[in-house]
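> Could you have a look at this structure, given as structure tokens, before my questions?
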Amino acid sequence: MKKEKIAIVFGLTALLATTLSSCGGKGKGKLVYDRYPEITDASTDSWLQVDPDDGQVDIKWWVDSTSWDFYHLQELILKRTGVNVKFDHATKDDGTELSTMIAGTMTDVITITDAATRTQLAKEGYAYAIDRLAQRYAPSLLPRISKEQLNFYKESDGHSYGLANNFYNDSDIDEYVESGNQILPNYAILVRKDMLEAYLSHKKSENASFNPDSEATTQEGFIEMAKWVKETYNLDSSNPTVCLTDFPKKASNGSVSSAISALIEYFNVPKENSSGDLLYEYTTPEFKEVIKFVNSLYEERLFSTGNFSWGTSEIITHIKNGRPFAVIGAVQNYSTGFAGYSAMGYNKETKQFSDDHEYVPIVITNSKHQAPLLGDYSGRGLRVSMITKDAKREDRIIKVFDYLMSEQGQRECYYGETEGEYYHFKIRPGEKRKIQVDGKEVERTYQYGQIEWTDKAKELLGRPNSQGWYGAGIKQISLLQNPMYVNLTSVNEAEMDTYQFYVRYNQKCALLPYTYSKLGFKYNVDSENQSTVNKMADIQAKMEEILIKNIPTMILKPSSQLDSLFNSTVNELKNAGLDEWLAYQNAGFKDNKQQMGITYAFPLNDPNYKAPEIKLKGDYETYKKDIPTYISISE
Amino acid sequence: MEQCLDKQKNRKRLTKGQWELLVFATFGLILLVIFSYLPMTGVLLAFRDGNKALDIVDATFGEGIWTFQNFINVLSDAKFWDVMKNTLGLNLLSLLISFPAPIIFALLLNEVRSKKAKNAFQTIATFPHFISWVIFGGIINALTDTSTGIINPILQLFGLSSPDNPVDLSLSQYFWAKMIIVSLIKNVGWGSIIYSAAIANINPSVYEAAKIDGAGRFRTAVSVTLPLILPTVTTFLLLSIGRILGNSFEQFYVFQNVANLERSEVLATFVYSQAFTYRNYSTAAAISFFEGVVSVILLTLSNKISKKLSGNSLIG
């Protein structure tokens with residue numbers, strides 16, 4: 001009996017201990033950087049220097065994003081580097097899966113967005129330093145990472161622990177701008193063209209001296225126009241007159257709603273004061289104007305409360321049916337809807353688009369009637385890929401990074417595996433050509449060359465169904481994609497090789513005169529002290545929670561209560577630690593401006609800023625691009 | 001003497017059958033330990049500085065100070081009290097409405113004479129319980145959608161809504177009512193099963209006696225059936241009081257949006273976001289611990305009161 005008792009107790013204790021120990025991951029560890037043989041030849045691509053006896057390596061790469069499609073990337077990477085990458089992505093966008101993974105075993109590579117988590121993973125030995133791995137195992141990668149990227153993601157120990165996608169290198173932007181191009185704005189307000197034109201005709205018929213550029217661009221002008229459209233076209237709640245794109249439960253990159261962020265930019269809500277210090281835009285009187293505007297839209301029943309719970313698919317459905325008169329926000333995320341709706345109005349015989357199927361951008365201004373200041377896409381990265389402590393073969397993974405960062409990797413992901421099959425070079429990388437910019441002849445060095453699709457590719461890209469081109473292994477988006485690569489190599493000098501991307505470009509290009517570079521606001525903060533980093537991340541999360549809860553309340557309450565609700569929101573933000581957080585951010589902001597050699601990041605503060613002329617429809621004629629002839633438009 | 005010793009020996013040694021039972025019981029015990037007792041060690045995090053910890057085991061059992069700071073932080077956080085208001089408000093309402101609903105339904109069902117109709121009603125009422133909250137929530141959200149749902153056109157027939165000014169049931173002012181109604185639809189049938197079973201156990205002679213005394217159906221239900229199922233009702237009432245700070249996480253998560261956060265954030269969703277969205281593990285553990293302590297206190301108190309007033313109680 002005694003033996004039996006001992007056996008049972010022993011068994012249970014062992015089980016407890018095993019389960020308990022498996023609750024956590026391997027924990028902090030000292031990462032070893034010399035487990036595998038070193039490569040010294042920096043002139044040859046590192047992935048070509050893999051020992052032939054070293055076979056295929058299987059790794060897992062997890063992405064903290066719900067909408068990432070990998071298509072043929074796995075196949076391509078395996079063929080080029082011998083590493084079989086099994087991609088996986090989050091199913092929810094609230095960060096919970098990342099927390100669970102960190103607490104358990106991590107995949108070999110993770111791609112995340114949260115800066116505080118990234119810093120902590122780096123500091124506590126959960127991720128390898130990219131530059132140290134590159135030095136030993138992939139020396140050819142080092143020159144491929146721009147100095148500004150290395151600096152931006154440098155932790156307090158001087159090393160960089162991740163590589164970002166959507167990182168705009170300065171040299172790429174320079175080449176693009178010097179060749180007469182401009183990066184598109186991130187946000188836009190789009191309206192149905194037929195309704196807009198009908199309203200303008202109606203106003204002209206009422207008053208011949210009606211000036212749309214001065215009268216329809218005010219907030220009151222927009223509301224009047226939306227009211228007229230609603231009444232004339234008999235729009236009810238199933239046809240939302242004004243659709244605000246997304247109100248998520250969690251903020252992303254400091255934005256609590258892309259529609260609110262769009263209006264913040266349209267109404268010139270300052271992020272920097274006249275002394276050059278950072279402002280939290282949500283506390284400014286100009287932001288109150290944004291809320292007041294949306295509140296008025298609600299009071300006039302131009303905005304439906306159902307909008308608060310619509311996800312991307314619901315908004316796309318509304319757009320695909322041409323229901324909303326206006327769409328405000330990050331409209332590019334809904335371009336399948338816009339393209340689908342626009343294609344329905346295309347007449348193949350006359351090759352004309354019907355106005356009632358087109359959405360065009362418009363300009364609305366703040367109460368001072370200033371020209372909008374729309375931030376462009378350019379940024380310092382969105383998602384950062386890190387090689388984790390649990391990686392089985394960090395020496396091989398860094399070579400995968402090297403391949404994806406290289407010109408070859410960028411080209412093969414986007415244009416396909418084999419030159420001649422889906423693409424051919426029109427201009428080889430590094431070649432120079434004389435081009436005309438604003439009537440002047442300048443010499444442009446095509447650092448990545450210029451690439452043209454072959455007829456075989458055009459046949460696929462011309463189809464409305466994206467599965468065709470993705471299935472063929474073209475237009476793949478890697479997690480280390482340089483966003484300027486496509487713009488610089490494209491014969492159109494913009495990503496518009498499919499109908500959807502053509503629509504996306506042309507919907508925004510008219511707003512280019514109002515667009516400025518937001519790089520001054522893309523700064524890094526001091527990450528020396530982890531507890532400070534965590535504390536600041538907590539304050540920011542609390543402030544964003546307050547805004548996410550209070551903004552809908554302010555929109556839906558009677559306008560008479562707006563002032564007191566706004567003031568109490570500002571007080572809540574202050575109680576959450578706004579001042580301390582702002583001081584911390586301001587240090588990074590000022591440091592960034594100093595490095596960039598600028599005094600002001602917000603153009604309105606710049607004494608040399610010259611406001612563009614306000615035009616209701618922007619400037620479409622100057623920037624529009626023709627639809628590629630190979631594209632056949634169908635629903 | 002020898003015989004006596006043999007007897008004692010036989011009593012202590014397990015027979016083959018007993019061994020088998022013990023092995024089976026051990027599996028159950030293992031499950032209980034893993035899924036019920038082991039997670040309780042997480043409570044220790046409430047007394048440690050484990051927010052944003054990457055290594056949870058180290059944060060729980062490693063070096064470091066033991067502190068009540070997490071409780072101080074939680075109790076001094078205005079948001080926590082907003083969340084408490086929602087949790088308590090909703091659960092008290094639920095206690096008033098959702099708790100008696102299955103009892104009333106069971107009493108009504110007991111009055112249905114046709115066995116077929118009785119089975120049909122019970123099946124229809126119980127069915128929603130077997131649909132997950134995610135699917136059930138999706139159906140309700142689709143029905144109540146202001147653009148495409150059918151609830152608004154129905155409300156329009158009664159003049160309670162208009163195409164230009166539809167009633168959006170996802171807004172905060174309707175949230176509590178919506179939660180009570182959907183949980184009634186989902187759970188009333190399932191909840192009534194236990195009361196129906198209790199009613200079925202009542203001796204038919206009691207009903208006959210009541211009939212002889214001239215009691216009608218309503219009087220019988222109120223004066224005979226209800227008092228006889230009171231011990232069951234008391235047990236469930238006490239358990240409900242013990243869960244006064246608890247909510248179904250899934251139910252609230254599927255119906256929550258930014259326009260109703262003011263009323264929809266309850267302890268269950270708050271703990272979830274603290275632990276998994278913001279990685280504030282110690283804060284989440286402190287809130288859960290607080291919830292557990294309050295539940296135990298409430299359960300003990302209500303148990304004592306119930307025992308004193310009606311003689312019915314869960315324990316003791």
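By order of appearance in the structure tokens: chains A, B, ..., then residues from 1 within every chain, and ligands from 1 in the order shown.
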Mind running chain B against chain A at 7 Å and telling me each contacting residue's nearest atom pair with the distance in Å (one decimal), counting only C-alpha atoms, chain and number ascending, as a tab-separated table?


residue	atom	partner	partner_atom	distance
B:Lys12	CA	A:Met1	CA	7.0
B:Arg13	CA	A:Met1	CA	6.2
B:Leu54	CA	A:Ala103	CA	6.0
B:Asp55	CA	A:Gly27	CA	5.2
B:Ile56	CA	A:Gly24	CA	5.9
B:Val57	CA	A:Gly24	CA	5.5
B:Asp145	CA	A:Gly306	CA	6.8
B:Thr146	CA	A:Gly306	CA	6.0
B:Ser147	CA	A:Ser238	CA	4.0
B:Thr148	CA	A:Ser238	CA	6.6
B:Pro163	CA	A:Asp236	CA	5.8
B:Asp164	CA	A:Asp236	CA	5.4
B:Asp168	CA	A:Thr305	CA	6.6
B:Asn257	CA	A:Ser309	CA	5.9
B:Val258	CA	A:Lys249	CA	5.9
B:Ala259	CA	A:Pro552	CA	5.4
B:Leu261	CA	A:Lys549	CA	5.8
B:Glu262	CA	A:Lys549	CA	6.4
B:Phe276	CA	A:Thr96	CA	4.5
B:Thr277	CA	A:Thr96	CA	5.0
B:Arg279	CA	A:Ser99	CA	6.5

> Please produce a file of the residues just selected, as a compact mmCIF listing (two decimals), in the first residue's frame, where the atoms kept are C-alpha atoms.


# COMPACT_ATOMS: atom_id res chain seq x y z
CA LYS B 12 -5.55 -2.43 3.41
CA ARG B 13 -4.57 -4.23 0.24
CA LEU B 54 8.08 37.65 -21.35
CA ASP B 55 8.75 34.64 -19.12
CA ILE B 56 5.60 34.04 -17.08
CA VAL B 57 7.04 31.20 -14.99
CA ASP B 145 -28.22 45.60 -38.57
CA THR B 146 -29.66 49.01 -39.39
CA SER B 147 -29.08 48.59 -43.12
CA THR B 148 -29.91 44.98 -43.83
CA PRO B 163 -35.84 54.50 -42.48
CA ASP B 164 -34.19 57.84 -41.87
CA ASP B 168 -29.39 50.81 -33.80
CA ASN B 257 -18.03 47.60 -30.55
CA VAL B 258 -16.62 51.09 -30.07
CA ALA B 259 -20.06 52.67 -29.90
CA LEU B 261 -17.85 50.28 -24.94
CA GLU B 262 -19.27 52.66 -22.34
CA PHE B 276 -3.62 39.30 -23.72
CA THR B 277 -3.83 42.58 -25.59
CA ARG B 279 0.28 41.82 -21.57

> Do a neighbour search on B:Ile244 at 9 Å with only C-alpha atoms, toss out local chain neighbours closer than 3 positions, and write the hits as a list in words.

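Using only C-alpha atoms, the neighbours found are Thr87, Leu88, Asn91, Leu92, Leu95, Leu239, Ser240, Ile241, Asn247, Val294, Ser295 and Leu298 of chain B.
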
> If we count only C-alpha atoms and set the cut-off at 10 Å, which residues sit around A:Arg463, ignoring sequence neighbours fewer than 4 positions away in its own chain? Please answer as a list in words.

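The neighbour list is Lys458, Glu459, Gln467, Gly468, Trp469, Thr498, Tyr499, Tyr630, Ile631, Ser632, Ile633 and Ser634 of chain A.
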
> Excluding same-chain residues fewer than 3 positions from stretch 269-273 of chain B, what lies within 10 Å of it counting only C-alpha atoms, as a VMD selection string?

(chain A and resid 94 to 96 250) or (chain B and resid 79 to 80 83 to 84 247 to 253 256 264 to 266 276 to 281 283 to 288)

> Got time to write the residues from that selection, C-alpha atoms, as a JSON list (two decimals), in the first residue's frame?


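part09.json written:
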[["chain", "number", "residue", "atom", "x", "y", "z"],
["A", 94, "ASP", "CA", -5.94, 42.38, -31.03],
["A", 95, "GLY", "CA", -2.40, 41.14, -30.36],
["A", 96, "THR", "CA", -3.55, 38.27, -28.15],
["A", 250, "LYS", "CA", -7.70, 48.75, -30.81],
["B", 79, "LYS", "CA", -11.73, 52.54, -15.58],
["B", 80, "PHE", "CA", -11.88, 49.56, -13.24],
["B", 83, "VAL", "CA", -16.17, 48.26, -15.57],
["B", 84, "MET", "CA", -17.42, 47.21, -12.12],
["B", 247, "ASN", "CA", -19.98, 37.19, -17.23],
["B", 248, "SER", "CA", -19.80, 35.04, -20.29],
["B", 249, "PHE", "CA", -16.74, 36.43, -22.04],
["B", 250, "GLU", "CA", -17.79, 35.24, -25.50],
["B", 251, "GLN", "CA", -21.24, 36.81, -25.22],
["B", 252, "PHE", "CA", -19.84, 40.26, -24.52],
["B", 253, "TYR", "CA", -16.92, 39.97, -26.90],
["B", 256, "GLN", "CA", -18.88, 44.72, -28.21],
["B", 264, "SER", "CA", -20.26, 46.74, -22.71],
["B", 265, "GLU", "CA", -16.90, 46.58, -20.98],
["B", 266, "VAL", "CA", -17.31, 44.06, -18.15],
["B", 276, "PHE", "CA", -3.62, 39.30, -23.72],
["B", 277, "THR", "CA", -3.83, 42.58, -25.59],
["B", 278, "TYR", "CA", -1.63, 44.66, -23.28],
["B", 279, "ARG", "CA", 0.28, 41.82, -21.57],
["B", 280, "ASN", "CA", -0.50, 43.25, -18.13],
["B", 281, "TYR", "CA", -0.57, 39.79, -16.58],
["B", 283, "THR", "CA", -3.08, 43.45, -13.34],
["B", 284, "ALA", "CA", -5.32, 40.80, -14.92],
["B", 285, "ALA", "CA", -4.45, 38.31, -12.15],
["B", 286, "ALA", "CA", -5.19, 40.92, -9.48],
["B", 287, "ILE", "CA", -8.63, 41.65, -10.99],
["B", 288, "SER", "CA", -9.43, 37.94, -11.25]]

> Please run DSSP on the backbone and report, as a ChimeraX atom specification, all residues within stretch 27-204 of chain B that come out as helix (DSSP H, G or I).

/B:27-47,56-61,69-75,78-97,100-111,115-130,133-144,151-157,172-200,204

> Fewer than 6 positions away in the same chain doesn't count, so skip those; otherwise give me all residues within 10 Å of B:Trp190, counting only C-alpha atoms, as JSON, numbers by chain.

{"B": [102, 122, 123, 125, 126, 127, 128, 129, 130, 184]}

> Deliver the residues from the most recent selection as a file, using N, CA and C atoms, as a PDB file, in the first residue's frame.


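Listed below is the output, out-v4.pdb:
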ATOM      1  N   PRO B 102     -36.216  30.987 -16.417  1.00  0.00           N
ATOM      2  CA  PRO B 102     -36.328  29.543 -16.629  1.00  0.00           C
ATOM      3  C   PRO B 102     -37.311  28.869 -15.664  1.00  0.00           C
ATOM      4  N   GLN B 122     -39.967  22.589 -25.496  1.00  0.00           N
ATOM      5  CA  GLN B 122     -38.691  22.443 -24.780  1.00  0.00           C
ATOM      6  C   GLN B 122     -37.519  22.365 -25.775  1.00  0.00           C
ATOM      7  N   THR B 123     -37.720  21.616 -26.873  1.00  0.00           N
ATOM      8  CA  THR B 123     -36.632  21.471 -27.854  1.00  0.00           C
ATOM      9  C   THR B 123     -36.327  22.828 -28.505  1.00  0.00           C
ATOM     10  N   ALA B 125     -36.897  25.775 -27.349  1.00  0.00           N
ATOM     11  CA  ALA B 125     -36.298  26.714 -26.388  1.00  0.00           C
ATOM     12  C   ALA B 125     -34.868  26.338 -26.024  1.00  0.00           C
ATOM     13  N   THR B 126     -34.581  25.040 -26.066  1.00  0.00           N
ATOM     14  CA  THR B 126     -33.233  24.592 -25.655  1.00  0.00           C
ATOM     15  C   THR B 126     -32.227  24.709 -26.802  1.00  0.00           C
ATOM     16  N   PHE B 127     -32.705  24.637 -28.026  1.00  0.00           N
ATOM     17  CA  PHE B 127     -31.807  24.597 -29.186  1.00  0.00           C
ATOM     18  C   PHE B 127     -30.753  25.733 -29.211  1.00  0.00           C
ATOM     19  N   PRO B 128     -31.142  26.990 -28.988  1.00  0.00           N
ATOM     20  CA  PRO B 128     -30.129  28.064 -29.082  1.00  0.00           C
ATOM     21  C   PRO B 128     -28.930  27.871 -28.151  1.00  0.00           C
ATOM     22  N   HIS B 129     -29.159  27.126 -27.063  1.00  0.00           N
ATOM     23  CA  HIS B 129     -28.051  26.913 -26.126  1.00  0.00           C
ATOM     24  C   HIS B 129     -26.881  26.190 -26.791  1.00  0.00           C
ATOM     25  N   PHE B 130     -27.198  25.380 -27.809  1.00  0.00           N
ATOM     26  CA  PHE B 130     -26.153  24.567 -28.425  1.00  0.00           C
ATOM     27  C   PHE B 130     -25.446  25.292 -29.577  1.00  0.00           C
ATOM     28  N   LEU B 184     -31.571  35.503 -22.571  1.00  0.00           N
ATOM     29  CA  LEU B 184     -32.840  34.801 -22.305  1.00  0.00           C
ATOM     30  C   LEU B 184     -33.141  33.841 -23.449  1.00  0.00           C
TER      31      LEU B 184
END

> One number please: atom CA of B:Phe68 to atom CA of B:Gly292, in Å, one decimal.

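We find that atom CA of B:Phe68 and atom CA of B:Gly292 lie 16.2 Å from each other.
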